[in-house]
file run_38.csv (CSV, C-alpha atoms and all ligand atoms)
chain,number,residue,atom,x,y,z
A,15,MET,CA,-18.7,-10.3,23.9
A,16,SER,CA,-15.6,-8.1,23.2
A,17,ASP,CA,-15.3,-6.2,20.0
A,18,LEU,CA,-12.7,-8.7,18.7
A,19,ALA,CA,-14.7,-11.7,19.7
A,20,SER,CA,-17.8,-10.3,18.0
A,21,THR,CA,-15.8,-9.4,14.8
A,22,LEU,CA,-14.5,-13.0,14.6
A,23,HIS,CA,-17.9,-14.5,15.3
A,24,ASP,CA,-19.4,-12.4,12.5
A,25,LEU,CA,-16.6,-13.3,10.1
A,26,TYR,CA,-17.0,-17.0,10.8
A,27,GLN,CA,-20.8,-16.8,10.4
A,28,ARG,CA,-20.6,-15.0,7.1
A,29,PHE,CA,-17.5,-16.4,5.4
A,30,GLY,CA,-16.3,-19.4,7.4
A,31,GLU,CA,-18.0,-21.9,5.1
A,32,LEU,CA,-16.8,-20.5,1.8
A,33,PRO,CA,-14.3,-22.7,-0.1
A,34,GLY,CA,-10.7,-21.5,0.3
A,35,VAL,CA,-11.5,-19.0,3.0
A,36,GLN,CA,-9.7,-19.0,6.4
A,37,ILE,CA,-10.5,-16.7,9.2
A,38,GLU,CA,-7.4,-15.9,11.3
A,39,ILE,CA,-6.2,-14.0,14.3
A,40,HIS,CA,-2.7,-12.7,14.7
A,41,LYS,CA,-2.2,-11.6,18.3
A,42,ASN,CA,-5.2,-9.2,18.4
A,43,LEU,CA,-5.7,-8.5,14.7
A,44,PRO,CA,-8.2,-10.4,12.7
A,45,ALA,CA,-7.3,-11.3,9.1
A,46,VAL,CA,-8.7,-13.4,6.3
A,47,THR,CA,-6.7,-15.7,4.0
A,48,VAL,CA,-8.2,-16.7,0.7
A,49,SER,CA,-6.9,-19.4,-1.6
A,50,ASN,CA,-8.0,-20.6,-5.1
A,51,ASP,CA,-6.5,-22.7,-7.8
A,52,LEU,CA,-3.9,-20.1,-8.7
A,53,SER,CA,-2.9,-18.1,-5.6
A,54,THR,CA,-3.4,-17.2,-2.0
A,55,ALA,CA,-3.5,-13.9,-0.2
A,56,THR,CA,-4.0,-12.5,3.3
A,57,VAL,CA,-5.8,-9.3,4.3
A,58,PHE,CA,-6.0,-7.7,7.7
A,59,LEU,CA,-9.2,-5.8,8.6
A,60,GLN,CA,-7.1,-3.1,10.3
A,61,GLY,CA,-6.2,-0.8,7.5
A,62,ALA,CA,-7.5,-3.3,4.9
A,63,GLN,CA,-3.9,-4.1,4.7
A,64,ILE,CA,-2.9,-6.9,2.4
A,65,SER,CA,0.1,-8.7,4.0
A,66,HIS,CA,0.6,-11.6,1.6
A,67,PHE,CA,0.2,-12.6,-2.0
A,68,GLU,CA,1.7,-15.7,-3.5
A,69,ARG,CA,1.0,-17.7,-6.7
A,70,HIS,CA,1.1,-21.4,-6.0
A,71,GLY,CA,4.6,-22.8,-6.5
A,72,GLN,CA,6.2,-19.3,-6.6
A,73,LYS,CA,7.8,-17.1,-4.0
A,74,PRO,CA,5.8,-14.5,-2.0
A,75,VAL,CA,5.4,-11.2,-3.9
A,76,LEU,CA,5.0,-9.0,-0.8
A,77,PHE,CA,7.6,-8.6,2.0
A,78,LEU,CA,6.3,-8.8,5.6
A,79,SER,CA,8.8,-8.3,8.4
A,80,GLU,CA,9.0,-11.0,11.0
A,81,ALA,CA,9.6,-8.2,13.6
A,82,ASN,CA,5.9,-7.2,13.4
A,83,THR,CA,4.1,-7.1,16.7
A,84,TYR,CA,0.5,-7.2,15.4
A,85,GLU,CA,-0.9,-4.5,17.6
A,86,GLU,CA,-4.0,-2.4,17.3
A,87,GLY,CA,-3.3,1.0,15.9
A,88,LYS,CA,0.0,0.0,14.4
A,89,PRO,CA,0.1,-0.8,10.7
A,90,LEU,CA,2.1,-3.9,9.8
A,91,ARG,CA,5.6,-3.3,8.4
A,92,GLY,CA,5.2,-4.9,5.0
A,93,GLY,CA,2.4,-5.8,2.5
A,94,ILE,CA,0.4,-2.9,1.2
A,95,PRO,CA,-0.4,-0.2,3.8
A,96,LEU,CA,-2.7,2.4,2.4
A,97,CYS,CA,-1.5,6.0,2.9
A,98,TRP,CA,-4.4,8.5,2.8
A,99,PRO,CA,-5.5,11.4,2.9
A,100,TRP,CA,-1.9,12.6,2.9
A,101,PHE,CA,1.5,11.0,2.2
A,102,GLY,CA,4.5,11.1,4.5
A,103,ASN,CA,4.6,14.1,6.8
A,104,LEU,CA,1.6,16.4,6.4
A,105,ASP,CA,3.9,19.4,5.9
A,106,LYS,CA,5.4,17.9,2.8
A,107,ASN,CA,2.0,17.7,1.1
A,108,PRO,CA,0.5,20.5,-1.2
A,109,ASP,CA,-1.0,23.5,0.7
A,110,ILE,CA,-4.5,22.6,-0.4
A,111,ILE,CA,-4.2,19.4,1.6
A,112,GLN,CA,-2.5,20.9,4.6
A,113,THR,CA,-5.0,23.7,5.1
A,114,GLN,CA,-7.8,21.2,5.4
A,115,ILE,CA,-6.3,19.7,8.6
A,116,SER,CA,-6.4,21.7,11.8
A,117,GLN,CA,-4.7,19.1,14.1
A,118,THR,CA,-1.1,19.8,14.6
A,119,ASP,CA,0.2,16.3,15.4
A,120,ALA,CA,-1.1,14.7,12.3
A,121,PRO,CA,0.4,11.1,11.9
A,122,ALA,CA,2.7,10.3,9.0
A,123,HIS,CA,0.9,8.8,6.0
A,124,GLY,CA,-2.5,9.8,7.2
A,125,PHE,CA,-4.8,7.5,9.2
A,126,LEU,CA,-6.4,5.1,6.8
A,127,ARG,CA,-3.8,2.4,7.5
A,128,ASN,CA,-4.8,2.4,11.1
A,129,LEU,CA,-8.6,2.4,10.7
A,130,ALA,CA,-10.9,-0.6,11.3
A,131,TRP,CA,-12.4,-1.7,8.0
A,132,GLN,CA,-15.4,-4.0,7.4
A,133,LEU,CA,-15.3,-7.0,5.2
A,134,LYS,CA,-18.5,-6.8,3.1
A,135,THR,CA,-18.3,-9.6,0.6
A,136,ILE,CA,-16.1,-12.5,-0.6
A,137,GLN,CA,-16.7,-14.0,-4.0
A,138,ALA,CA,-14.8,-17.2,-4.2
A,139,GLU,CA,-14.4,-18.8,-7.6
A,140,GLN,CA,-12.0,-21.5,-8.8
A,141,THR,CA,-9.3,-19.2,-10.2
A,142,GLU,CA,-10.2,-15.9,-8.7
A,143,THR,CA,-11.3,-14.6,-5.3
A,144,GLN,CA,-12.7,-11.1,-4.8
A,145,LEU,CA,-12.9,-9.3,-1.5
A,146,LEU,CA,-14.7,-6.0,-0.8
A,147,LEU,CA,-13.8,-4.0,2.3
A,148,THR,CA,-15.3,-0.6,3.2
A,149,THR,CA,-14.9,2.1,5.8
A,150,ASN,CA,-16.8,5.3,6.2
A,151,ILE,CA,-15.6,8.6,7.7
A,152,ASP,CA,-18.1,10.6,9.6
A,153,ALA,CA,-17.1,14.3,9.3
A,154,ASN,CA,-18.1,15.1,12.9
A,155,SER,CA,-16.3,12.4,14.7
A,156,ASN,CA,-12.9,12.3,12.9
A,157,SER,CA,-10.7,15.1,14.1
A,158,LEU,CA,-8.2,14.6,11.3
A,159,TRP,CA,-10.6,14.7,8.4
A,160,PRO,CA,-13.7,16.9,8.5
A,161,PHE,CA,-15.3,15.5,5.4
A,162,ALA,CA,-17.9,12.7,5.1
A,163,THR,CA,-16.2,10.1,3.0
A,164,GLU,CA,-16.8,6.5,1.9
A,165,LEU,CA,-13.9,4.3,1.0
A,166,GLN,CA,-14.0,0.9,-0.6
A,167,LEU,CA,-11.2,-1.5,-1.3
A,168,GLN,CA,-11.8,-4.2,-3.9
A,169,ILE,CA,-9.1,-6.9,-3.9
A,170,THR,CA,-8.8,-9.5,-6.7
A,171,VAL,CA,-6.7,-12.5,-6.0
A,172,GLY,CA,-6.0,-14.7,-9.0
A,173,LYS,CA,-3.3,-15.0,-11.6
A,174,THR,CA,-2.4,-11.4,-10.6
A,175,LEU,CA,-3.2,-9.3,-7.6
A,176,THR,CA,-5.4,-6.2,-8.2
A,177,VAL,CA,-6.1,-3.6,-5.6
A,178,ALA,CA,-8.7,-0.9,-6.3
A,179,LEU,CA,-9.4,1.9,-3.8
A,180,SER,CA,-12.5,4.0,-4.4
A,181,VAL,CA,-12.9,7.3,-2.6
A,182,LYS,CA,-16.3,9.0,-2.6
A,183,ASN,CA,-16.9,12.5,-1.4
A,184,CYS,CA,-20.1,12.4,0.6
A,185,ASP,CA,-19.7,15.9,1.9
A,186,THR,CA,-21.0,19.2,0.7
A,187,ARG,CA,-17.6,20.7,-0.1
A,188,ASP,CA,-14.7,19.8,-2.4
A,189,PHE,CA,-11.8,18.0,-0.7
A,190,HIS,CA,-8.2,17.2,-1.7
A,191,TYR,CA,-6.0,14.3,-0.8
A,192,SER,CA,-2.7,12.4,-1.5
A,193,LEU,CA,-2.6,8.7,-1.6
A,194,ALA,CA,-0.1,5.8,-1.8
A,195,MET,CA,-0.4,2.1,-2.0
A,196,HIS,CA,2.9,1.6,0.0
A,197,THR,CA,3.8,-1.7,-1.5
A,198,TYR,CA,6.7,-3.6,0.1
A,199,PHE,CA,8.0,-6.0,-2.5
A,200,GLN,CA,9.8,-9.2,-1.4
A,201,ILE,CA,13.1,-9.5,-3.2
A,202,SER,CA,15.9,-12.1,-3.1
A,203,ASP,CA,18.7,-9.6,-2.3
A,204,ILE,CA,18.8,-5.8,-2.8
A,205,HIS,CA,22.0,-6.2,-4.8
A,206,GLN,CA,20.2,-8.4,-7.3
A,207,VAL,CA,17.3,-6.2,-8.3
A,208,SER,CA,16.8,-3.3,-10.7
A,209,VAL,CA,13.7,-1.3,-11.6
A,210,ASP,CA,13.1,-0.6,-15.3
A,211,GLY,CA,10.8,2.0,-16.7
A,212,LEU,CA,12.1,5.1,-14.9
A,213,ASP,CA,14.8,6.2,-17.3
A,214,GLU,CA,14.9,9.9,-17.7
A,215,GLU,CA,12.0,10.4,-15.3
A,216,LYS,CA,12.4,13.4,-12.9
A,217,TYR,CA,12.2,12.7,-9.2
A,218,PHE,CA,12.3,14.7,-5.9
A,219,ASP,CA,15.1,13.3,-3.7
A,220,ALA,CA,13.8,13.3,-0.1
A,221,LEU,CA,17.3,12.6,1.2
A,222,ASP,CA,18.8,15.6,-0.6
A,223,GLN,CA,16.6,18.5,0.4
A,224,TRP,CA,13.9,17.4,-2.0
A,225,GLN,CA,16.0,18.5,-5.0
A,226,LEU,CA,14.6,17.7,-8.4
A,227,LYS,CA,16.9,15.2,-10.2
A,228,THR,CA,16.7,13.0,-13.3
A,229,GLN,CA,16.9,9.2,-13.3
A,230,ALA,CA,19.5,7.7,-15.7
A,231,GLY,CA,18.9,4.1,-16.7
A,232,PRO,CA,17.4,1.5,-14.4
A,233,LEU,CA,17.1,2.1,-10.6
A,234,GLN,CA,19.6,0.1,-8.7
A,235,VAL,CA,19.8,0.5,-5.0
A,236,SER,CA,23.2,0.4,-3.1
A,237,GLU,CA,22.4,3.0,-0.4
A,238,GLU,CA,19.3,4.5,1.3
A,239,VAL,CA,16.8,5.7,-1.3
A,240,ASP,CA,13.7,7.8,-0.8
A,241,ARG,CA,12.4,9.4,-4.0
A,242,VAL,CA,9.1,10.7,-5.4
A,243,TYR,CA,8.5,10.5,-9.1
A,244,GLU,CA,5.5,12.2,-10.6
A,245,ASN,CA,3.6,11.3,-13.8
A,246,VAL,CA,5.4,8.0,-14.3
A,247,SER,CA,4.0,6.9,-17.7
A,248,SER,CA,5.4,3.3,-17.5
A,249,GLN,CA,3.1,2.5,-14.6
A,250,ALA,CA,0.0,3.3,-16.8
A,251,THR,CA,1.3,1.1,-19.6
A,252,GLY,CA,2.4,-1.8,-17.4
A,253,GLU,CA,6.0,-1.3,-18.4
A,254,LEU,CA,7.3,-0.5,-14.9
A,255,LYS,CA,9.2,-3.6,-13.9
A,256,LEU,CA,11.0,-4.9,-10.8
A,257,ASN,CA,13.6,-7.3,-12.1
A,258,ASP,CA,15.0,-9.8,-9.6
A,259,LYS,CA,17.9,-11.7,-11.0
A,260,GLY,CA,18.3,-13.7,-7.8
A,261,ILE,CA,15.1,-15.6,-8.3
A,262,SER,CA,14.7,-15.0,-12.1
A,263,ARG,CA,11.5,-13.0,-11.6
A,264,ASN,CA,9.9,-9.9,-13.1
A,265,LEU,CA,7.1,-8.1,-11.4
A,266,PHE,CA,5.2,-5.7,-13.6
A,267,ILE,CA,3.3,-2.8,-12.1
A,268,LEU,CA,0.2,-1.5,-13.9
A,269,THR,CA,-1.8,1.4,-12.4
A,270,LYS,CA,-4.8,3.6,-13.1
A,271,ASN,CA,-5.2,7.0,-11.3
A,272,LEU,CA,-1.9,6.4,-9.5
A,273,PRO,CA,0.5,8.5,-11.6
A,274,SER,CA,3.2,9.0,-9.0
A,275,LEU,CA,5.8,6.5,-7.7
A,276,VAL,CA,7.7,6.5,-4.5
A,277,THR,CA,10.8,4.4,-4.3
A,278,TRP,CA,12.1,3.6,-0.8
A,279,ASN,CA,14.8,1.4,0.8
A,280,PRO,CA,16.0,2.4,4.3
A,281,TRP,CA,19.4,0.7,4.1
A,282,LEU,CA,21.1,-0.2,7.3
A,283,ASP,CA,21.3,2.9,9.4
A,284,LYS,CA,17.7,3.9,8.9
A,285,SER,CA,16.6,0.3,9.4
A,286,LYS,CA,17.9,0.4,12.9
A,287,THR,CA,15.5,3.3,13.7
A,288,LEU,CA,12.4,1.7,12.2
A,289,SER,CA,9.7,0.0,14.2
A,290,GLN,CA,8.7,-3.6,13.5
A,291,PHE,CA,11.7,-4.1,11.2
A,292,TYR,CA,15.0,-6.0,11.8
A,293,ASP,CA,18.3,-4.3,11.0
A,294,ASN,CA,18.9,-6.5,8.0
A,295,ASP,CA,15.4,-6.6,6.6
A,296,PHE,CA,16.3,-3.9,4.1
A,297,ASN,CA,18.2,-6.6,2.1
A,298,GLN,CA,15.0,-8.4,1.3
A,299,MET,CA,12.6,-5.6,0.5
A,300,LEU,CA,12.1,-2.7,-1.9
A,301,CYS,CA,9.1,-0.3,-1.7
A,302,LEU,CA,7.6,0.8,-5.0
A,303,GLU,CA,4.7,2.8,-3.9
A,304,SER,CA,2.2,3.6,-6.6
A,305,ALA,CA,0.7,6.9,-5.6
A,306,ALA,CA,-1.0,10.2,-6.3
A,307,VAL,CA,1.1,12.8,-4.5
A,308,LYS,CA,2.5,16.3,-4.8
A,309,ASP,CA,1.1,17.8,-8.1
A,310,ASN,CA,-0.6,14.5,-8.8
A,311,CYS,CA,-2.8,14.9,-5.7
A,312,VAL,CA,-6.6,14.5,-6.2
A,313,THR,CA,-9.6,16.9,-5.8
A,314,LEU,CA,-13.0,15.4,-5.4
A,315,ALA,CA,-16.2,17.4,-5.7
A,316,PRO,CA,-19.3,16.5,-3.7
A,317,GLU,CA,-20.8,13.1,-4.9
A,318,GLU,CA,-17.7,12.4,-7.0
A,319,THR,CA,-15.9,9.1,-6.7
A,320,GLN,CA,-12.4,8.3,-7.9
A,321,THR,CA,-11.0,4.7,-8.2
A,322,HIS,CA,-7.2,4.2,-7.9
A,323,THR,CA,-6.0,0.8,-9.1
A,324,LEU,CA,-2.8,-1.2,-8.8
A,325,GLU,CA,-2.2,-4.5,-10.5
A,326,ILE,CA,0.9,-6.6,-9.8
A,327,ILE,CA,1.8,-9.1,-12.6
A,328,GLU,CA,4.4,-11.8,-11.9
A,329,LEU,CA,6.4,-13.4,-14.8
A,330,ASN,CA,9.2,-15.8,-14.4
A,331,ILE,CA,12.2,-15.1,-16.6
B,1,LIG,O1,7.7,4.2,8.8
B,1,LIG,P1,6.5,4.6,8.0
B,1,LIG,O2,5.7,5.7,8.5
B,1,LIG,O3,5.7,3.5,7.5
B,1,LIG,O4,7.2,5.2,6.6
B,1,LIG,C1,8.1,4.5,5.9
B,1,LIG,C2,8.6,5.3,4.6
B,1,LIG,O5,7.5,5.5,3.8
B,1,LIG,C3,7.7,6.2,2.6
B,1,LIG,O6,8.4,5.4,1.7
B,1,LIG,C4,8.5,7.5,2.8
B,1,LIG,O7,8.9,8.0,1.5
B,1,LIG,C5,9.7,7.3,3.7
B,1,LIG,O8,10.2,8.6,4.0
B,1,LIG,C6,9.2,6.6,5.0
B,1,LIG,O9,10.3,6.4,5.8

call {"tool": "encode", "arguments": {"input": "run_38.csv", "output": "structure tokens"}}
result
Amino acid sequence: MSDLASTLHDLYQRFGELPGVQIEIHKNLPAVTVSNDLSTATVFLQGAQISHFERHGQKPVLFLSEANTYEEGKPLRGGIPLCWPWFGNLDKNPDIIQTQISQTDAPAHGFLRNLAWQLKTIQAEQTETQLLLTTNIDANSNSLWPFATELQLQITVGKTLTVALSVKNCDTRDFHYSLAMHTYFQISDIHQVSVDGLDEEKYFDALDQWQLKTQAGPLQVSEEVDRVYENVSSQATGELKLNDKGISRNLFILTKNLPSLVTWNPWLDKSKTLSQFYDNDFNQMLCLESAAVKDNCVTLAPEETQTHTLEIIELNI
């Protein structure tokens, strides 16, 4: 049996009979869709990437491009790719992260979003479904990350969507990483949205030589945006809000151990250069990436675990 066939066989055997659980295959990529009384979500085993979350009767919360080609080794453009153990280009990460990596052609956003994950458990209840996925890194066989590491992703699908990534250092040395839950939010129209909770926050502008600037008022996007904010307190208090006037919806973001925020919209010219993305897709998405990057990067001692949590709460206005 091929690897794919045996993965599907195993998924059917273990989870196929559970209420509200559907095993799927998109081209070559296996995924699981779970539904309960309140909501539905889809998770791909590749990268443990959530591609869809929707409360019944509401619009999808996550953007997923129809240009996706569903190929092995290519993270989907949309949903929540997990960027780890560095963010963006390796050379834009703190030195303590860069010096750990000897490979010169390190891929953008690390490698976790391309890894095969295992689906360990699904707990299906009437109003809440929990999925647990894991992947382990063997220090000797991963040329990009020479540290034994265990990663777990706990996803809770219910009234809200909660995503908790736990990183455990199983090595004998400290290690350092950056991380982002690279959330693509589905929006009605880029001209109809604003982000509240960033007023007076400082950010690095990736499109202007990484200059440090200060946000004034809500973020409204009318051109390409690529910014990194550190220590965003509104995320920790649940006051960071994506307000979409076009569909009268507020999405609140609440995080733990994800103090940074990256805001990204490629606008038209950059969109034309992106893989798995249509030229006009930028109109329907905004990335608000809850993260631990730059000075917010994380150090873990041997045997230490840190859990990074994102909750997305939808309220209609
Ligand atoms: O195309 P990707 O590797 O998925 O990256 C997509 C985007 O991710 C983040 O938002 C970065 O800040 C951007 O600079 C980058 O273009």

call {"tool": "residues_near_ligand", "arguments": {"input": "run_38.csv", "ligand": "ligand LIG 1 (chain B)", "cutoff": "10 Å", "atoms": "all atoms listed in the file", "output": "NGL selection string"}}
result
:A and (88-92 or 95-97 or 101-103 or 121-124 or 127 or 194 or 196-198 or 219-221 or 239-242 or 275-280 or 284-285 or 287-291 or 300-303)

call {"tool": "closest_residue", "arguments": {"input": "run_38.csv", "among": "A:Glu142, A:Glu164, A:Glu215, A:Asp283", "to": "Gln320 of chain A", "atoms": "all atoms listed in the file"}}
result
A:Glu164

call {"tool": "closest_residue", "arguments": {"input": "run_38.csv", "among": "A:Arg263, A:His322, A:Arg28, A:Lys173", "to": "Thr141 of chain A", "atoms": "all atoms listed in the file"}}
result
A:Lys173

call {"tool": "residues_around", "arguments": {"input": "run_38.csv", "residues": "Tyr26 of chain A", "least_positions_apart": "2", "cutoff": "12 Å", "atoms": "all atoms listed in the file", "output": "PyMOL selection string"}}
result
chain A and resi 19-24+28-32+35-39+44-46+133

call {"tool": "closest_atom_pairs", "arguments": {"input": "run_38.csv", "of": "segment 107-135 of chain A", "to": "segment 84-87 of chain A", "cutoff": "10 Å", "atoms": "only C-alpha atoms", "output": "JSON lines"}}
result
{"residue": "A:Phe125", "atom": "CA", "partner": "A:Gly87", "partner_atom": "CA", "distance": 9.5}
{"residue": "A:Arg127", "atom": "CA", "partner": "A:Gly87", "partner_atom": "CA", "distance": 8.5}
{"residue": "A:Asn128", "atom": "CA", "partner": "A:Gly87", "partner_atom": "CA", "distance": 5.2}
{"residue": "A:Leu129", "atom": "CA", "partner": "A:Gly87", "partner_atom": "CA", "distance": 7.6}
{"residue": "A:Ala130", "atom": "CA", "partner": "A:Gly87", "partner_atom": "CA", "distance": 9.0}

call {"tool": "residues_around", "arguments": {"input": "run_38.csv", "residues": "segment 67-71 of chain A", "least_positions_apart": "4", "cutoff": "10 Å", "atoms": "all atoms listed in the file", "output": "PyMOL selection string"}}
result
chain A and resi 47-57+75-77+93+171-175+326+328

call {"tool": "residues_around", "arguments": {"input": "run_38.csv", "residues": "Gly260 of chain A", "least_positions_apart": "2", "cutoff": "6 Å", "atoms": "only C-alpha atoms", "output": "PDB file with C-alpha atoms, keeping the file's coordinate frame"}}
result
ATOM      1  CA  SER A 202      15.900 -12.100  -3.100  1.00  0.00           C
ATOM      2  CA  GLN A 206      20.200  -8.400  -7.300  1.00  0.00           C
ATOM      3  CA  ASP A 258      15.000  -9.800  -9.600  1.00  0.00           C
ATOM      4  CA  SER A 262      14.700 -15.000 -12.100  1.00  0.00           C
TER       5      SER A 262
END

call {"tool": "closest_residue", "arguments": {"input": "run_38.csv", "among": "A:Ile331, A:Leu193, A:Val246, A:Ala138", "to": "Val307 of chain A", "atoms": "only C-alpha atoms"}}
result
A:Leu193

call {"tool": "closest_residue", "arguments": {"input": "run_38.csv", "among": "A:Ile201, A:Val181, A:Ile169, A:Ala81", "to": "Ile261 of chain A", "atoms": "all atoms listed in the file"}}
result
A:Ile201

call {"tool": "atom_distance", "arguments": {"input": "run_38.csv", "atom1": "atom CA of His205 of chain A", "atom2": "atom CA of Ser236 of chain A"}}
result
6.9 Å

call {"tool": "atom_distance", "arguments": {"input": "run_38.csv", "atom1": "atom CA of Thr113 of chain A", "atom2": "atom CA of Leu147 of chain A"}}
result
29.2 Å

call {"tool": "atom_distance", "arguments": {"input": "run_38.csv", "atom1": "atom CA of Thr321 of chain A", "atom2": "atom CA of Leu25 of chain A"}}
result
26.3 Å

call {"tool": "closest_residue", "arguments": {"input": "run_38.csv", "among": "A:Leu126, A:Leu329, A:Ala162, A:Ile110", "to": "Leu179 of chain A", "atoms": "all atoms listed in the file"}}
result
A:Leu126

call {"tool": "residues_around", "arguments": {"input": "run_38.csv", "residues": "segment 223-232 of chain A", "least_positions_apart": "4", "cutoff": "6 Å", "atoms": "all atoms listed in the file", "output": "PyMOL selection string"}}
result
chain A and resi 209-210+213-219

call {"tool": "write_last_selection", "arguments": {"input": "run_38.csv", "atoms": "C-alpha atoms", "output": "PDB file, in the coordinates of the input"}}
result
ATOM      1  CA  VAL A 209      13.700  -1.300 -11.600  1.00  0.00           C
ATOM      2  CA  ASP A 210      13.100  -0.600 -15.300  1.00  0.00           C
ATOM      3  CA  ASP A 213      14.800   6.200 -17.300  1.00  0.00           C
ATOM      4  CA  GLU A 214      14.900   9.900 -17.700  1.00  0.00           C
ATOM      5  CA  GLU A 215      12.000  10.400 -15.300  1.00  0.00           C
ATOM      6  CA  LYS A 216      12.400  13.400 -12.900  1.00  0.00           C
ATOM      7  CA  TYR A 217      12.200  12.700  -9.200  1.00  0.00           C
ATOM      8  CA  PHE A 218      12.300  14.700  -5.900  1.00  0.00           C
ATOM      9  CA  ASP A 219      15.100  13.300  -3.700  1.00  0.00           C
TER      10      ASP A 219
END

call {"tool": "residues_near_point", "arguments": {"input": "run_38.csv", "point": "(-15.4, -6.6, 5.7)", "cutoff": "9 Å", "atoms": "only C-alpha atoms", "output": "list in words"}}
result
Leu25, Leu59, Ala62, Trp131, Gln132, Leu133, Lys134, Thr135, Ile136, Leu145, Leu146, Leu147, Thr148 and Thr149 of chain A

call {"tool": "write_last_selection", "arguments": {"input": "run_38.csv", "atoms": "C-alpha atoms", "output": "PDB file, in the frame of the given file"}}
result
ATOM      1  CA  LEU A  25     -16.600 -13.300  10.100  1.00  0.00           C
ATOM      2  CA  LEU A  59      -9.200  -5.800   8.600  1.00  0.00           C
ATOM      3  CA  ALA A  62      -7.500  -3.300   4.900  1.00  0.00           C
ATOM      4  CA  TRP A 131     -12.400  -1.700   8.000  1.00  0.00           C
ATOM      5  CA  GLN A 132     -15.400  -4.000   7.400  1.00  0.00           C
ATOM      6  CA  LEU A 133     -15.300  -7.000   5.200  1.00  0.00           C
ATOM      7  CA  LYS A 134     -18.500  -6.800   3.100  1.00  0.00           C
ATOM      8  CA  THR A 135     -18.300  -9.600   0.600  1.00  0.00           C
ATOM      9  CA  ILE A 136     -16.100 -12.500  -0.600  1.00  0.00           C
ATOM     10  CA  LEU A 145     -12.900  -9.300  -1.500  1.00  0.00           C
ATOM     11  CA  LEU A 146     -14.700  -6.000  -0.800  1.00  0.00           C
ATOM     12  CA  LEU A 147     -13.800  -4.000   2.300  1.00  0.00           C
ATOM     13  CA  THR A 148     -15.300  -0.600   3.200  1.00  0.00           C
ATOM     14  CA  THR A 149     -14.900   2.100   5.800  1.00  0.00           C
TER      15      THR A 149
END

call {"tool": "build_atoms", "arguments": {"input": "run_38.csv", "residues": "segment 84-96 of chain A", "atoms": "N, CA and C atoms", "output": "PDB file, in the coordinates of the input"}}
result
ATOM      1  N   TYR A  84       1.947  -7.012  15.615  1.00  0.00           N
ATOM      2  CA  TYR A  84       0.500  -7.200  15.400  1.00  0.00           C
ATOM      3  C   TYR A  84      -0.308  -6.547  16.562  1.00  0.00           C
ATOM      4  N   GLU A  85      -0.194  -5.237  16.594  1.00  0.00           N
ATOM      5  CA  GLU A  85      -0.900  -4.500  17.600  1.00  0.00           C
ATOM      6  C   GLU A  85      -1.950  -3.572  16.991  1.00  0.00           C
ATOM      7  N   GLU A  86      -3.002  -3.333  17.763  1.00  0.00           N
ATOM      8  CA  GLU A  86      -4.000  -2.400  17.300  1.00  0.00           C
ATOM      9  C   GLU A  86      -3.449  -1.011  17.157  1.00  0.00           C
ATOM     10  N   GLY A  87      -3.779  -0.343  16.069  1.00  0.00           N
ATOM     11  CA  GLY A  87      -3.300   1.000  15.900  1.00  0.00           C
ATOM     12  C   GLY A  87      -1.932   1.131  15.261  1.00  0.00           C
ATOM     13  N   LYS A  88      -1.293  -0.030  14.994  1.00  0.00           N
ATOM     14  CA  LYS A  88       0.000   0.000  14.400  1.00  0.00           C
ATOM     15  C   LYS A  88      -0.035  -0.755  13.059  1.00  0.00           C
ATOM     16  N   PRO A  89       0.127  -0.043  11.946  1.00  0.00           N
ATOM     17  CA  PRO A  89       0.100  -0.800  10.700  1.00  0.00           C
ATOM     18  C   PRO A  89       1.262  -1.760  10.601  1.00  0.00           C
ATOM     19  N   LEU A  90       1.056  -2.862   9.902  1.00  0.00           N
ATOM     20  CA  LEU A  90       2.100  -3.900   9.800  1.00  0.00           C
ATOM     21  C   LEU A  90       3.240  -3.271   8.909  1.00  0.00           C
ATOM     22  N   ARG A  91       4.462  -3.656   9.221  1.00  0.00           N
ATOM     23  CA  ARG A  91       5.600  -3.300   8.400  1.00  0.00           C
ATOM     24  C   ARG A  91       5.698  -4.301   7.267  1.00  0.00           C
ATOM     25  N   GLY A  92       5.134  -3.963   6.124  1.00  0.00           N
ATOM     26  CA  GLY A  92       5.200  -4.900   5.000  1.00  0.00           C
ATOM     27  C   GLY A  92       3.820  -4.894   4.286  1.00  0.00           C
ATOM     28  N   GLY A  93       3.694  -5.757   3.274  1.00  0.00           N
ATOM     29  CA  GLY A  93       2.400  -5.800   2.500  1.00  0.00           C
ATOM     30  C   GLY A  93       2.133  -4.543   1.826  1.00  0.00           C
ATOM     31  N   ILE A  94       0.848  -4.152   1.883  1.00  0.00           N
ATOM     32  CA  ILE A  94       0.400  -2.900   1.200  1.00  0.00           C
ATOM     33  C   ILE A  94      -0.333  -2.010   2.170  1.00  0.00           C
ATOM     34  N   PRO A  95       0.359  -1.218   3.003  1.00  0.00           N
ATOM     35  CA  PRO A  95      -0.400  -0.200   3.800  1.00  0.00           C
ATOM     36  C   PRO A  95      -0.934   0.856   2.833  1.00  0.00           C
ATOM     37  N   LEU A  96      -2.117   1.366   3.192  1.00  0.00           N
ATOM     38  CA  LEU A  96      -2.700   2.400   2.400  1.00  0.00           C
ATOM     39  C   LEU A  96      -2.507   3.763   3.048  1.00  0.00           C
TER      40      LEU A  96
END
